[in-house]
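Student: File name final.txt; file contents compact mmCIF, C-alpha atoms; full text below.
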# COMPACT_ATOMS: atom_id res chain seq x y z
CA MET I 1 -59.62 -171.93 -14.52
CA GLU I 2 -57.03 -169.15 -14.56
CA LEU I 3 -59.83 -166.63 -14.11
CA HIS I 4 -60.85 -168.35 -10.88
CA LEU I 5 -57.26 -168.14 -9.63
CA ILE I 6 -57.00 -164.44 -10.51
CA LEU I 7 -60.32 -163.69 -8.79
CA ILE I 8 -59.32 -165.57 -5.63
CA PHE I 9 -56.03 -163.64 -5.64
CA MET I 10 -57.98 -160.38 -5.94
CA ILE I 11 -60.28 -161.33 -3.05
CA CYS I 12 -57.32 -162.24 -0.81
CA ALA I 13 -55.52 -158.99 -1.68
CA SER I 14 -58.64 -156.93 -1.02
CA ILE I 15 -59.17 -158.60 2.39
CA MET I 16 -55.56 -157.72 3.19
CA ALA I 17 -56.12 -154.15 2.03
CA VAL I 18 -59.16 -153.87 4.29
CA GLU I 19 -57.68 -155.44 7.41
CA ILE I 20 -54.02 -154.23 7.56
CA LYS I 21 -53.47 -151.50 10.16
CA ASP I 22 -50.67 -149.67 8.34
CA LEU I 23 -52.04 -147.27 5.72
CA ILE I 24 -49.20 -147.53 3.18
CA SER I 25 -49.31 -151.35 3.22
CA SER I 26 -53.04 -151.08 2.67
CA VAL I 27 -52.58 -148.85 -0.39
CA ILE I 28 -50.02 -151.28 -1.82
CA ALA I 29 -52.46 -154.17 -1.31
CA LEU I 30 -55.07 -152.12 -3.21
CA SER I 31 -52.61 -151.79 -6.08
CA ALA I 32 -52.27 -155.60 -6.05
CA VAL I 33 -56.03 -155.80 -6.55
CA GLY I 34 -55.71 -153.44 -9.52
CA LEU I 35 -52.93 -155.54 -11.03
CA GLY I 36 -55.13 -158.62 -10.72
CA LEU I 37 -57.92 -156.74 -12.49
CA CYS I 38 -55.50 -155.83 -15.29
CA LEU I 39 -54.56 -159.51 -15.71
CA ALA I 40 -58.23 -160.48 -15.72
CA PHE I 41 -58.91 -157.96 -18.50
CA LEU I 42 -56.09 -159.48 -20.54
CA VAL I 43 -57.49 -162.99 -20.07
CA LEU I 44 -60.98 -161.75 -20.97
CA LYS I 45 -59.68 -160.32 -24.31
CA ALA I 46 -59.97 -156.63 -23.49
CA PRO I 47 -56.49 -155.15 -24.20
CA ASN I 48 -57.74 -151.54 -24.33
CA LEU I 49 -59.01 -151.80 -20.78
CA ALA I 50 -55.87 -153.56 -19.57
CA ILE I 51 -53.66 -150.67 -20.72
CA THR I 52 -55.97 -148.06 -19.23
CA GLN I 53 -56.36 -149.91 -15.92
CA LEU I 54 -52.60 -150.39 -15.50
CA VAL I 55 -51.83 -146.73 -16.14
CA VAL I 56 -54.66 -145.44 -13.94
CA GLU I 57 -53.55 -147.78 -11.15
CA ILE I 58 -50.02 -146.33 -11.19
CA LEU I 59 -51.35 -142.77 -11.00
CA LEU I 60 -53.78 -143.63 -8.20
CA VAL I 61 -51.08 -145.36 -6.12
CA ILE I 62 -48.76 -142.35 -6.48
CA VAL I 63 -51.51 -139.97 -5.37
CA LEU I 64 -52.61 -142.17 -2.44
CA ILE I 65 -49.04 -142.73 -1.18
CA ARG I 66 -48.40 -139.01 -1.39
CA ALA I 67 -51.55 -138.46 0.65
CA THR I 68 -50.84 -141.05 3.35
CA ILE I 69 -47.07 -140.74 3.81
CA LYS I 70 -45.85 -139.46 7.20
CA LYS I 71 -49.37 -139.44 8.57
CA ASP I 72 -49.65 -141.40 11.81
CA LEU I 73 -52.79 -143.44 12.23
CA PRO I 74 -54.36 -143.31 15.67
CA LEU I 75 -55.53 -146.77 16.66
CA VAL I 76 -59.32 -146.75 16.74
CA ARG I 77 -60.84 -148.74 19.58
CA ASP I 78 -64.57 -148.43 19.22
CA GLY I 79 -67.14 -149.88 21.58
CA ARG I 80 -69.69 -152.52 20.51
CA TRP I 81 -67.15 -154.18 18.18
CA LEU I 82 -68.99 -157.53 18.19
CA PHE I 83 -72.43 -156.04 17.52
CA ASN I 84 -71.21 -153.89 14.63
CA THR I 85 -69.30 -156.70 12.94
CA VAL I 86 -72.07 -159.27 13.33
CA SER I 87 -74.74 -156.92 11.99
CA THR I 88 -72.58 -155.96 9.01
CA LEU I 89 -71.85 -159.61 8.22
CA LEU I 90 -75.54 -160.49 8.53
CA PHE I 91 -76.44 -157.70 6.12
CA ILE I 92 -73.80 -158.89 3.65
CA GLY I 93 -75.08 -162.49 3.99
CA ILE I 94 -78.63 -161.43 3.11
CA PHE I 95 -77.22 -159.41 0.21
CA LEU I 96 -75.27 -162.42 -1.11
CA THR I 97 -78.34 -164.68 -0.85
CA PHE I 98 -80.49 -162.36 -2.92
CA GLY I 99 -77.57 -161.84 -5.28
CA TYR I 100 -77.40 -165.60 -5.86
CA PHE I 101 -81.06 -165.70 -6.92
CA ALA I 102 -80.54 -162.68 -9.17
CA LEU I 103 -77.47 -164.22 -10.82
CA LYS I 104 -79.50 -167.26 -11.87
CA GLU I 105 -81.47 -165.10 -14.31
CA LEU I 106 -78.40 -163.87 -16.20
CA PRO I 107 -77.22 -165.45 -19.46
CA ASN I 108 -74.61 -168.18 -19.04
CA PHE I 109 -70.94 -167.31 -18.90
CA GLY I 110 -69.42 -167.29 -22.35
CA GLN I 111 -72.60 -166.76 -24.37
CA PRO I 112 -73.35 -163.02 -24.62
CA THR I 113 -76.45 -161.71 -26.34
CA MET I 114 -74.84 -159.23 -28.72
CA LEU I 115 -77.92 -157.41 -29.98
CA VAL I 116 -76.55 -153.87 -30.27
CA SER I 117 -72.89 -154.51 -30.87
CA ARG I 118 -73.58 -156.70 -33.92
CA GLU I 119 -74.43 -153.47 -35.73
CA TYR I 120 -71.25 -151.80 -34.54
CA LEU I 121 -69.13 -154.77 -35.59
CA ALA I 122 -70.59 -154.71 -39.08
CA ASN I 123 -70.29 -150.94 -39.64
CA SER I 124 -67.02 -150.08 -37.93
CA LEU I 125 -64.80 -150.24 -40.98
CA THR I 126 -67.18 -148.69 -43.49
CA GLN I 127 -68.14 -145.68 -41.36
CA GLY I 128 -64.91 -144.04 -40.27
CA GLY I 129 -62.35 -146.66 -41.16
CA LEU I 130 -61.36 -147.70 -37.64
CA ALA I 131 -59.95 -151.16 -37.06
CA ASN I 132 -60.13 -150.94 -33.27
CA ILE I 133 -63.82 -151.39 -32.52
CA VAL I 134 -63.71 -150.11 -28.93
CA THR I 135 -62.26 -146.81 -30.14
CA ALA I 136 -64.88 -146.77 -32.89
CA ILE I 137 -67.66 -147.14 -30.32
CA THR I 138 -66.35 -144.57 -27.84
CA LEU I 139 -65.34 -141.89 -30.32
CA ASN I 140 -67.51 -142.57 -33.37
CA PHE I 141 -70.84 -144.24 -32.67
CA ARG I 142 -71.28 -143.04 -29.08
CA ARG I 143 -69.21 -139.89 -29.16
CA PHE I 144 -71.44 -137.95 -26.76
CA ASP I 145 -70.58 -140.48 -24.06
CA ALA I 146 -66.98 -139.39 -24.51
CA LEU I 147 -68.05 -135.74 -24.24
CA ALA I 148 -69.84 -136.39 -20.94
CA GLU I 149 -66.85 -138.37 -19.65
CA ALA I 150 -64.49 -135.52 -20.51
CA SER I 151 -66.80 -133.05 -18.77
CA VAL I 152 -66.84 -135.24 -15.63
CA LEU I 153 -63.03 -135.30 -15.56
CA PHE I 154 -62.86 -131.54 -16.13
CA THR I 155 -65.32 -130.96 -13.28
CA ALA I 156 -63.22 -133.18 -10.99
CA VAL I 157 -60.06 -131.18 -11.73
CA ILE I 158 -61.91 -127.92 -11.06
CA ALA I 159 -63.30 -129.41 -7.83
CA VAL I 160 -59.81 -130.39 -6.62
CA LEU I 161 -58.56 -126.88 -7.38
CA ALA I 162 -61.51 -125.39 -5.49
CA ILE I 163 -61.17 -127.68 -2.46
CA THR I 164 -57.46 -127.07 -1.94
CA ARG I 165 -57.32 -123.30 -2.49
CA LYS I 166 -55.95 -121.16 0.28
CA THR I 167 -58.09 -118.02 0.23
CA GLY I 168 -60.59 -119.44 2.70
CA LYS I 169 -57.99 -119.49 5.47
CA ALA I 170 -57.35 -115.74 5.46
CA HIS I 171 -61.06 -115.18 5.84
CA ASP I 172 -61.11 -117.32 9.00
CA LYS I 173 -58.43 -115.29 10.70
CA MET S 1 -30.43 -129.25 -12.25
CA THR S 2 -28.11 -132.01 -10.99
CA ASN S 3 -26.54 -129.86 -8.30
CA ASN S 4 -29.90 -129.02 -6.79
CA PRO S 5 -30.02 -130.50 -3.26
CA SER S 6 -33.77 -131.17 -3.40
CA GLY S 7 -35.10 -134.33 -4.99
CA MET S 8 -33.54 -137.77 -5.11
CA SER S 9 -29.91 -138.89 -5.57
CA LEU S 10 -27.68 -138.30 -8.57
CA ILE S 11 -28.26 -141.75 -10.05
CA VAL S 12 -32.03 -141.31 -10.10
CA LYS S 13 -31.70 -137.85 -11.65
CA THR S 14 -29.43 -139.07 -14.45
CA ILE S 15 -31.66 -142.02 -15.29
CA THR S 16 -34.71 -139.75 -15.17
CA ARG S 17 -33.21 -137.37 -17.71
CA LEU S 18 -32.67 -140.30 -20.06
CA THR S 19 -36.12 -141.85 -19.67
CA VAL S 20 -38.55 -138.93 -19.44
CA GLY S 21 -38.46 -138.21 -23.16
CA LEU S 22 -39.01 -141.86 -23.99
CA ILE S 23 -42.07 -142.06 -21.72
CA LEU S 24 -43.52 -138.91 -23.30
CA ILE S 25 -43.00 -140.31 -26.80
CA TYR S 26 -44.65 -143.57 -25.73
CA GLY S 27 -47.66 -141.55 -24.61
CA PHE S 28 -47.88 -139.87 -28.03
CA TYR S 29 -47.56 -143.28 -29.67
CA ILE S 30 -50.44 -144.73 -27.64
CA VAL S 31 -52.61 -141.76 -28.64
CA LEU S 32 -51.79 -141.75 -32.34
CA GLN S 33 -52.08 -145.49 -33.02
CA SER S 34 -55.31 -145.98 -31.11
CA HIS S 35 -57.35 -146.60 -34.27
CA ILE S 36 -55.55 -149.80 -35.22
CA ALA S 37 -54.20 -151.15 -31.92
CA PRO S 38 -55.13 -151.06 -28.25
CA GLY S 39 -54.74 -147.69 -26.65
CA GLY S 40 -56.76 -144.52 -26.71
CA GLY S 41 -56.76 -140.86 -25.84
CA PHE S 42 -57.27 -141.39 -22.16
CA ALA S 43 -54.50 -143.95 -21.61
CA GLY S 44 -52.04 -141.90 -23.65
CA GLY S 45 -52.90 -138.75 -21.73
CA VAL S 46 -52.31 -140.50 -18.41
CA VAL S 47 -48.92 -141.77 -19.64
CA MET S 48 -47.94 -138.21 -20.59
CA ALA S 49 -49.04 -136.95 -17.16
CA LEU S 50 -47.03 -139.75 -15.54
CA SER S 51 -43.86 -138.64 -17.35
CA LEU S 52 -44.25 -135.14 -15.89
CA ILE S 53 -45.01 -136.61 -12.45
CA HIS S 54 -41.83 -138.67 -12.81
CA LEU S 55 -39.93 -135.39 -13.24
CA VAL S 56 -41.55 -133.95 -10.10
CA LEU S 57 -40.71 -137.03 -8.04
CA ALA S 58 -37.07 -137.13 -9.14
CA PHE S 59 -36.08 -133.46 -9.20
CA GLY S 60 -38.30 -132.01 -6.48
CA ARG S 61 -41.24 -129.72 -7.07
CA ASP S 62 -39.40 -126.38 -7.16
CA ALA S 63 -37.13 -127.30 -10.06
CA VAL S 64 -40.13 -128.39 -12.15
CA LEU S 65 -42.37 -125.47 -11.17
CA LYS S 66 -39.76 -123.10 -12.62
CA LYS S 67 -40.17 -124.72 -16.05
CA ILE S 68 -43.87 -125.64 -16.07
CA SER S 69 -46.00 -123.45 -13.85
CA GLN S 70 -49.45 -124.41 -12.59
CA ILE S 71 -51.21 -121.63 -14.48
CA ASN S 72 -49.74 -122.82 -17.78
CA SER S 73 -50.94 -126.36 -17.12
CA VAL S 74 -54.45 -125.14 -16.30
CA CYS S 75 -54.47 -123.12 -19.54
CA LEU S 76 -53.38 -126.20 -21.52
CA MET S 77 -56.11 -128.30 -19.92
CA SER S 78 -58.76 -125.71 -20.73
CA CYS S 79 -57.55 -125.45 -24.32
CA GLY S 80 -57.88 -129.21 -24.67
CA ALA S 81 -61.38 -129.18 -23.19
CA ILE S 82 -62.55 -126.36 -25.47
CA ALA S 83 -61.04 -128.09 -28.50
CA PHE S 84 -62.83 -131.32 -27.64
CA LEU S 85 -66.13 -129.45 -27.16
CA VAL S 86 -65.78 -127.73 -30.54
CA ILE S 87 -64.92 -131.00 -32.28
CA ALA S 88 -67.81 -132.84 -30.64
CA LEU S 89 -70.33 -130.13 -31.51
CA SER S 90 -69.09 -129.85 -35.07
CA ARG S 91 -69.61 -133.58 -35.46
CA LEU S 92 -73.31 -133.10 -34.77
CA VAL S 93 -73.73 -131.98 -38.37
CA THR S 94 -71.03 -134.00 -40.15
CA LYS S 95 -70.96 -137.71 -40.85
CA ASN S 96 -68.74 -140.35 -39.26
CA HIS S 97 -65.23 -139.86 -40.52
CA PHE S 98 -61.67 -140.66 -39.58
CA THR S 99 -60.24 -137.16 -39.04
CA GLY S 100 -62.75 -136.32 -36.35
CA VAL S 101 -61.77 -139.39 -34.33
CA LEU S 102 -58.07 -138.59 -34.55
CA LEU S 103 -58.57 -134.93 -33.60
CA SER S 104 -60.81 -135.76 -30.64
CA ASP S 105 -58.27 -138.35 -29.45
CA ILE S 106 -55.54 -135.71 -29.43
CA ALA S 107 -57.81 -133.20 -27.66
CA ILE S 108 -58.75 -135.72 -24.97
CA ALA S 109 -55.09 -136.63 -24.45
CA THR S 110 -54.12 -132.97 -24.02
CA MET S 111 -56.90 -132.40 -21.52
CA VAL S 112 -56.27 -135.54 -19.48
CA GLY S 113 -52.49 -135.13 -19.38
CA ALA S 114 -52.52 -131.49 -18.34
CA GLY S 115 -55.45 -131.96 -15.95
CA LEU S 116 -54.00 -134.89 -14.02
CA PHE S 117 -50.63 -133.15 -13.79
CA VAL S 118 -52.42 -130.12 -12.32
CA VAL S 119 -54.18 -132.36 -9.79
CA PHE S 120 -50.89 -133.92 -8.70
CA LEU S 121 -49.15 -130.54 -8.41
CA THR S 122 -52.04 -129.12 -6.40
CA LEU S 123 -52.07 -132.04 -3.96
CA VAL S 124 -48.27 -131.89 -3.50
CA LEU S 125 -48.33 -128.14 -2.86
CA PHE S 126 -51.28 -128.54 -0.48
CA ILE S 127 -49.52 -131.27 1.54
CA LYS S 128 -46.42 -129.08 1.83
CA GLU S 129 -48.47 -126.04 2.93
CA SER S 130 -50.45 -127.96 5.52
CA ALA S 131 -47.27 -129.57 6.93
CA LYS S 132 -45.80 -126.09 7.34
CA GLY S 133 -49.00 -124.88 8.99
CA ASN S 134 -48.99 -127.77 11.48
CA LYS S 135 -45.42 -127.06 12.58
CA GLN S 136 -46.28 -123.49 13.46
CA MET W 1 -71.79 -168.84 -12.68
CA SER W 2 -69.09 -169.37 -10.06
CA LEU W 3 -67.14 -166.49 -11.61
CA TYR W 4 -70.12 -164.21 -11.15
CA PHE W 5 -70.38 -165.29 -7.54
CA LEU W 6 -66.66 -164.65 -6.87
CA CYS W 7 -67.08 -161.21 -8.40
CA PHE W 8 -69.98 -160.64 -5.99
CA MET W 9 -67.74 -161.70 -3.09
CA LEU W 10 -65.24 -159.02 -4.12
CA PHE W 11 -68.07 -156.49 -4.11
CA CYS W 12 -69.04 -157.62 -0.60
CA VAL W 13 -65.48 -157.17 0.71
CA GLY W 14 -65.57 -153.59 -0.56
CA LEU W 15 -69.02 -153.07 0.96
CA TYR W 16 -67.83 -154.39 4.34
CA CYS W 17 -64.89 -151.97 4.25
CA LEU W 18 -67.19 -149.09 3.32
CA VAL W 19 -69.69 -149.79 6.11
CA ARG W 20 -67.40 -150.93 8.90
CA LYS W 21 -64.14 -148.95 8.77
CA ARG W 22 -63.72 -145.52 10.29
CA ASN W 23 -60.59 -144.27 8.58
CA ILE W 24 -61.24 -142.07 5.54
CA ILE W 25 -58.40 -143.63 3.54
CA LYS W 26 -59.87 -147.07 4.25
CA ILE W 27 -63.23 -145.83 2.96
CA VAL W 28 -61.51 -144.64 -0.23
CA ILE W 29 -59.95 -148.10 -0.58
CA GLY W 30 -63.39 -149.71 -0.16
CA LEU W 31 -64.79 -147.47 -2.90
CA GLY W 32 -61.94 -148.55 -5.17
CA ILE W 33 -62.59 -152.25 -4.56
CA ILE W 34 -66.30 -151.82 -5.33
CA GLU W 35 -65.44 -150.01 -8.56
CA TYR W 36 -63.03 -152.77 -9.63
CA SER W 37 -65.61 -155.49 -9.01
CA LEU W 38 -68.25 -153.65 -11.03
CA ASN W 39 -65.86 -153.18 -13.97
CA LEU W 40 -64.96 -156.85 -13.87
CA PHE W 41 -68.63 -157.87 -13.77
CA PHE W 42 -69.42 -155.90 -16.93
CA ILE W 43 -66.54 -157.48 -18.81
CA LEU W 44 -67.48 -160.97 -17.57
CA LEU W 45 -70.98 -160.47 -19.00
CA GLY W 46 -69.58 -159.69 -22.45
CA TYR W 47 -67.11 -162.58 -22.67
CA ARG W 48 -67.50 -165.31 -25.25
CA THR W 49 -65.75 -168.64 -24.92
CA GLN W 50 -62.85 -169.01 -27.36
CA GLY W 51 -63.52 -165.47 -28.58
CA ARG W 52 -60.96 -162.99 -29.77
CA ALA W 53 -60.31 -159.33 -29.03
CA PRO W 54 -62.50 -156.86 -30.97
CA ILE W 55 -59.74 -155.56 -33.24
CA LEU W 56 -59.91 -156.15 -36.96
CA ILE W 57 -56.95 -157.76 -38.71
CA SER W 58 -56.70 -157.66 -42.49
CA GLU W 59 -57.99 -160.67 -44.42
CA GLN W 60 -59.76 -162.14 -41.44
CA GLU W 61 -63.46 -162.38 -40.98
CA LEU W 62 -65.08 -160.92 -37.93
CA ILE W 63 -66.62 -163.96 -36.36
CA ASN W 64 -66.56 -165.01 -32.76
CA THR W 65 -65.40 -161.79 -31.12
CA VAL W 66 -66.16 -160.82 -27.54
CA ASP W 67 -68.78 -158.13 -26.97
CA PRO W 68 -67.20 -154.69 -27.56
CA LEU W 69 -70.02 -152.59 -26.07
CA PRO W 70 -69.32 -153.32 -22.35
CA GLN W 71 -65.65 -152.64 -23.00
CA ALA W 72 -66.47 -149.18 -24.32
CA MET W 73 -68.69 -148.50 -21.31
CA VAL W 74 -66.09 -149.72 -18.80
CA LEU W 75 -63.53 -147.44 -20.44
CA THR W 76 -65.81 -144.56 -19.44
CA THR W 77 -66.30 -146.02 -15.96
CA ILE W 78 -62.55 -146.22 -15.26
CA VAL W 79 -62.18 -142.53 -16.10
CA VAL W 80 -65.10 -141.52 -13.89
CA GLY W 81 -63.72 -143.73 -11.08
CA LEU W 82 -60.34 -141.99 -11.26
CA ALA W 83 -62.05 -138.59 -11.10
CA VAL W 84 -64.10 -139.63 -8.05
CA MET W 85 -61.06 -141.07 -6.24
CA VAL W 86 -58.96 -137.95 -6.81
CA THR W 87 -61.76 -135.71 -5.53
CA VAL W 88 -62.31 -137.85 -2.41
CA VAL W 89 -58.57 -137.92 -1.63
CA SER W 90 -58.37 -134.14 -1.82
CA LEU W 91 -61.41 -133.87 0.49
CA ALA W 92 -59.72 -136.27 2.95
CA LEU W 93 -56.56 -134.17 2.93
CA ARG W 94 -58.63 -131.07 3.64
CA VAL W 95 -60.26 -132.85 6.58
CA TYR W 96 -56.83 -133.90 7.87
CA GLU W 97 -55.60 -130.33 7.68
CA LYS W 98 -58.66 -129.03 9.55
CA TYR W 99 -58.98 -131.67 12.29
CA GLY W 100 -55.58 -133.41 12.37
CA THR W 101 -57.06 -136.90 12.02
CA PHE W 102 -58.52 -139.32 9.48
CA ASP W 103 -61.01 -140.79 11.97
CA ILE W 104 -64.59 -139.88 11.10
CA THR W 105 -65.95 -140.24 14.65
CA LYS W 106 -63.41 -137.74 16.00
CA ILE W 107 -64.50 -135.26 13.33
CA ARG W 108 -68.07 -135.38 14.56
CA ARG W 109 -66.95 -134.74 18.13
CA LEU W 110 -64.84 -131.74 17.29
CA LYS W 111 -67.62 -130.00 15.42
CA GLY W 112 -69.27 -127.91 18.09
Give the structure from this file in C-alpha cells form.
Tutor:
Amino acid sequence: MELHLILIFMICASIMAVEIKDLISSVIALSAVGLGLCLAFLVLKAPNLAITQLVVEILLVIVLIRATIKKDLPLVRDGRWLFNTVSTLLFIGIFLTFGYFALKELPNFGQPTMLVSREYLANSLTQGGLANIVTAITLNFRRFDALAEASVLFTAVIAVLAITRKTGKAHDK
Amino acid sequence: MTNNPSGMSLIVKTITRLTVGLILIYGFYIVLQSHIAPGGGFAGGVVMALSLIHLVLAFGRDAVLKKISQINSVCLMSCGAIAFLVIALSRLVTKNHFTGVLLSDIAIATMVGAGLFVVFLTLVLFIKESAKGNKQ
Amino acid sequence: MSLYFLCFMLFCVGLYCLVRKRNIIKIVIGLGIIEYSLNLFFILLGYRTQGRAPILISEQELINTVDPLPQAMVLTTIVVGLAVMVTVVSLALRVYEKYGTFDITKIRRLKG
C-alpha cells in the first residue's frame, strides 16, 4: 500500500516537473521524484541503491541548478499546439495499451524467479568472504561489469572536458 | 580564508570549516565498510566529491582552486582509473578473494570522487567564462 | 500488477516530456524521469513479499531474501545515468553559449 502512495507521489511530482514554466522549480520537482525513488528503494529492501540514489540526486541537483541559474527562459509559443499534444497523447495511449498486454506475461509481484542469484547467495561467503551480497556480485562475481561501468564514467568525464574546452574559440576568430 | 569577500557569509564559512572533514571521513567510512553493510565504492566516492563541492560553494571557486588545482584532480582521477584497470586485469588470473574487492573499491572511490569534482569545477569555470563573454 | 502499471505511467510522463517539450533542460528532466522509472521497474521485478535485504547477518540462515542480481545491475545503471546526465548538461551549456537560448527550434533557425 505504501508503495502505491510513493509511486503516485512520484507521478504527481514528475507531472509538476514537466509542466512548470520556471526552470529552477522544475529541477527541484525532479529532485522530489528522486527522493521518492530513494524511499521506494528502502521499502523494496535495497539499502545499497537507496544510499547511491540519494547521493547521486544531490550531485545532480547541484549541477542542474548551477546550469540553470540566472538564465531567462523565453516563453515558447508554438503553432499547432492542439495537434501536437493530441498526437503525442494518442501515441502514449497506444504504448500503454500494448504495455498492459506485455505486463500480463510477467511473473506476479512478490514472487521472483531467482535462477541465477541462488548460486550467488550460496557462494558469497565462501568465495571472498563478503557479507554484503550486492557488493559481492558487482565486485566479485561480475567484476568486469564494474570495469565497463568505470570506463563509461571515465569517458563521460573526458567528454565533458573536451566539450567545454576553450581552444576552439580562438580558431573561430 | 574568512576575510575573502567571495563566497557566502561568515556563518556559512565557519560551519563549513567544521563539517567538511566530517563529510570526507563519512565518505571513507562508506567505502571501507561496504563489504558488511550498505554502501560501496561509488556512493563513497560521490560523498567525497560532494565534500569538495561544498567547499567550492561556501568559499568561492578561487579560494579552492589555489589549494586543489584542476590538473591535480585530473591526475588523481587517472591514477584511480589505471589502478582499477590493473586490479581488474590481475584478477583475471587469480581466484575470488577479499583483498581484491577492497582494493578495487578504493580505486573506484578515488576515480569517482576526483572525476566528479573535475566535472563540477569545469562546469563552474565554463559558466563564468561564458557569462563574461556575453557581457562583452 | 497495479504497481507495474503505475511504473509504466511514470515512464509515459517522461516520454511525453521528451517528445513534446522544446527546452533542452526540460528534455534532460524527461530523460531523468525515464531513467528513474526503469530503475524502479527492475527492483520491482526482484522483490519478494516479506523478504529481507540481501545482507548476511551472523547466525541467521539465508532464506527469503529479495533478488540481489537486479540490485547489482541497477547500481551500474545509476552510475551510467549520472554520466549521461552530466554530459548532456555540458552540451546544453555549450549550446546556450553559442546561440543564447535553450530552445531547440531557435537553434535550427540560426544555423544558416
Student: Please find the residues of chain I near chain W - the criterion being any atom within 6 Å, counting all atoms listed in the file - and write them as a ChimeraX atom specification.
Tutor: /I:11,45,110-112,117,131-134,138,153,156,160
Student: Quick one, how far is atom CA of Leu139 of chain I from atom CA of Glu35 of chain W?
Tutor: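 Spanning atom CA of Leu139 of chain I to atom CA of Glu35 of chain W is a straight-line distance of 23.2 Å.
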Student: If we count all atoms listed in the file, what is near Leu147 of chain I at a cut-off of 9 Å, once residues fewer than 5 positions away on the same chain are taken out, given as number ranges by chain?
Tutor: I: 152; S: 84-85, 88
Student: Out of I:Ala46, I:Asn140, I:Leu54, I:Leu37, which residue has the shortest atom-to-atom distance to Leu103 of chain S when counting all atoms listed in the file?
Tutor: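 Ranked by minimum distance to Leu103 of chain S, first place goes to I:Asn140.
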Student: One decimal, Å: what's the distance from atom CA of His97 of chain S over to atom CA of Ile36 of chain S, could you say?
Tutor: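 Taking atom CA of His97 of chain S and atom CA of Ile36 of chain S, their separation equals 14.9 Å.
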Student: For chain W, work out the contacting residues on chain S at 8 Å, counting all atoms listed in the file, and write them as a ChimeraX atom specification.
Tutor: /S:36-37,42,119,123,127,130
Student: Atom CA of Thr99 of chain S and atom CA of Gly129 of chain I, how far apart in Å?
Tutor: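 Separating atom CA of Gly129 of chain I from atom CA of Thr99 of chain S is a distance of 10.0 Å.
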Student: For segment 28-32 of chain W, what centre and edge lengths in Å (one decimal) does the axis-aligned box get once 5 Å is added on each side of all its listed atoms, as AutoDock Vina command-line options?
Tutor:
--center_x -62.4 --center_y -147.2 --center_z -2.7 --size_x 14.8 --size_y 15.1 --size_z 15.0
Student: Can you list every residue of chain S that has an atom at most 9 Å from chain I, with its nearest atom pair and the distance in Å to one decimal, using all atoms listed in the file, ordered by chain then number, as JSON lines?
Tutor:
{"residue": "S:Ser34", "atom": "CA", "partner": "I:Thr135", "partner_atom": "CA", "distance": 7.1}
{"residue": "S:His35", "atom": "CA", "partner": "I:Asn132", "partner_atom": "CA", "distance": 5.3}
{"residue": "S:Ile36", "atom": "CA", "partner": "I:Ala131", "partner_atom": "CA", "distance": 5.0}
{"residue": "S:Ala37", "atom": "CA", "partner": "I:Asn132", "partner_atom": "CA", "distance": 6.1}
{"residue": "S:Pro38", "atom": "CA", "partner": "I:Asn48", "partner_atom": "CA", "distance": 4.7}
{"residue": "S:Gly39", "atom": "CA", "partner": "I:Asn48", "partner_atom": "CA", "distance": 5.4}
{"residue": "S:Gly40", "atom": "CA", "partner": "I:Thr135", "partner_atom": "CA", "distance": 6.9}
{"residue": "S:Phe42", "atom": "CA", "partner": "I:Thr52", "partner_atom": "CA", "distance": 7.4}
{"residue": "S:Ala43", "atom": "CA", "partner": "I:Thr52", "partner_atom": "CA", "distance": 5.0}
{"residue": "S:Gly44", "atom": "CA", "partner": "I:Thr52", "partner_atom": "CA", "distance": 8.5}
{"residue": "S:Val46", "atom": "CA", "partner": "I:Val55", "partner_atom": "CA", "distance": 6.6}
{"residue": "S:Val47", "atom": "CA", "partner": "I:Val55", "partner_atom": "CA", "distance": 6.7}
{"residue": "S:Ala49", "atom": "CA", "partner": "I:Leu59", "partner_atom": "CA", "distance": 8.8}
{"residue": "S:Leu50", "atom": "CA", "partner": "I:Leu59", "partner_atom": "CA", "distance": 7.0}
{"residue": "S:Ile53", "atom": "CA", "partner": "I:Leu59", "partner_atom": "CA", "distance": 9.0}
{"residue": "S:Met77", "atom": "CA", "partner": "I:Phe154", "partner_atom": "CA", "distance": 8.4}
{"residue": "S:Ser78", "atom": "CA", "partner": "I:Phe154", "partner_atom": "CA", "distance": 8.5}
{"residue": "S:Ala81", "atom": "CA", "partner": "I:Ala150", "partner_atom": "CA", "distance": 7.6}
{"residue": "S:Phe84", "atom": "CA", "partner": "I:Leu147", "partner_atom": "CA", "distance": 7.6}
{"residue": "S:Leu85", "atom": "CA", "partner": "I:Leu147", "partner_atom": "CA", "distance": 7.2}
{"residue": "S:Ala88", "atom": "CA", "partner": "I:Leu147", "partner_atom": "CA", "distance": 7.0}
{"residue": "S:Arg91", "atom": "CA", "partner": "I:Arg143", "partner_atom": "CA", "distance": 8.9}
{"residue": "S:Lys95", "atom": "CA", "partner": "I:Gln127", "partner_atom": "CA", "distance": 8.5}
{"residue": "S:Asn96", "atom": "CA", "partner": "I:Gly128", "partner_atom": "CA", "distance": 5.4}
{"residue": "S:His97", "atom": "CA", "partner": "I:Gly128", "partner_atom": "CA", "distance": 4.2}
{"residue": "S:Phe98", "atom": "CA", "partner": "I:Gly128", "partner_atom": "CA", "distance": 4.7}
{"residue": "S:Thr99", "atom": "CA", "partner": "I:Gly128", "partner_atom": "CA", "distance": 8.4}
{"residue": "S:Gly100", "atom": "CA", "partner": "I:Asn140", "partner_atom": "CA", "distance": 8.4}
{"residue": "S:Val101", "atom": "CA", "partner": "I:Leu139", "partner_atom": "CA", "distance": 5.9}
{"residue": "S:Ser104", "atom": "CA", "partner": "I:Leu139", "partner_atom": "CA", "distance": 7.6}
{"residue": "S:Asp105", "atom": "CA", "partner": "I:Leu139", "partner_atom": "CA", "distance": 8.0}
{"residue": "S:Ile108", "atom": "CA", "partner": "I:Ala150", "partner_atom": "CA", "distance": 7.3}
{"residue": "S:Met111", "atom": "CA", "partner": "I:Phe154", "partner_atom": "CA", "distance": 8.1}
{"residue": "S:Val112", "atom": "CA", "partner": "I:Leu153", "partner_atom": "CA", "distance": 7.8}
{"residue": "S:Gly115", "atom": "CA", "partner": "I:Val157", "partner_atom": "CA", "distance": 6.3}
{"residue": "S:Leu116", "atom": "CA", "partner": "I:Val157", "partner_atom": "CA", "distance": 7.5}
{"residue": "S:Val118", "atom": "CA", "partner": "I:Val157", "partner_atom": "CA", "distance": 7.7}
{"residue": "S:Val119", "atom": "CA", "partner": "I:Val157", "partner_atom": "CA", "distance": 6.3}
{"residue": "S:Phe120", "atom": "CA", "partner": "I:Val63", "partner_atom": "CA", "distance": 6.9}
{"residue": "S:Thr122", "atom": "CA", "partner": "I:Leu161", "partner_atom": "CA", "distance": 7.0}
{"residue": "S:Leu123", "atom": "CA", "partner": "I:Thr164", "partner_atom": "CA", "distance": 7.6}
{"residue": "S:Val124", "atom": "CA", "partner": "I:Arg66", "partner_atom": "CA", "distance": 7.4}
{"residue": "S:Phe126", "atom": "CA", "partner": "I:Thr164", "partner_atom": "CA", "distance": 6.5}
{"residue": "S:Ile127", "atom": "CA", "partner": "I:Ala67", "partner_atom": "CA", "distance": 7.5}
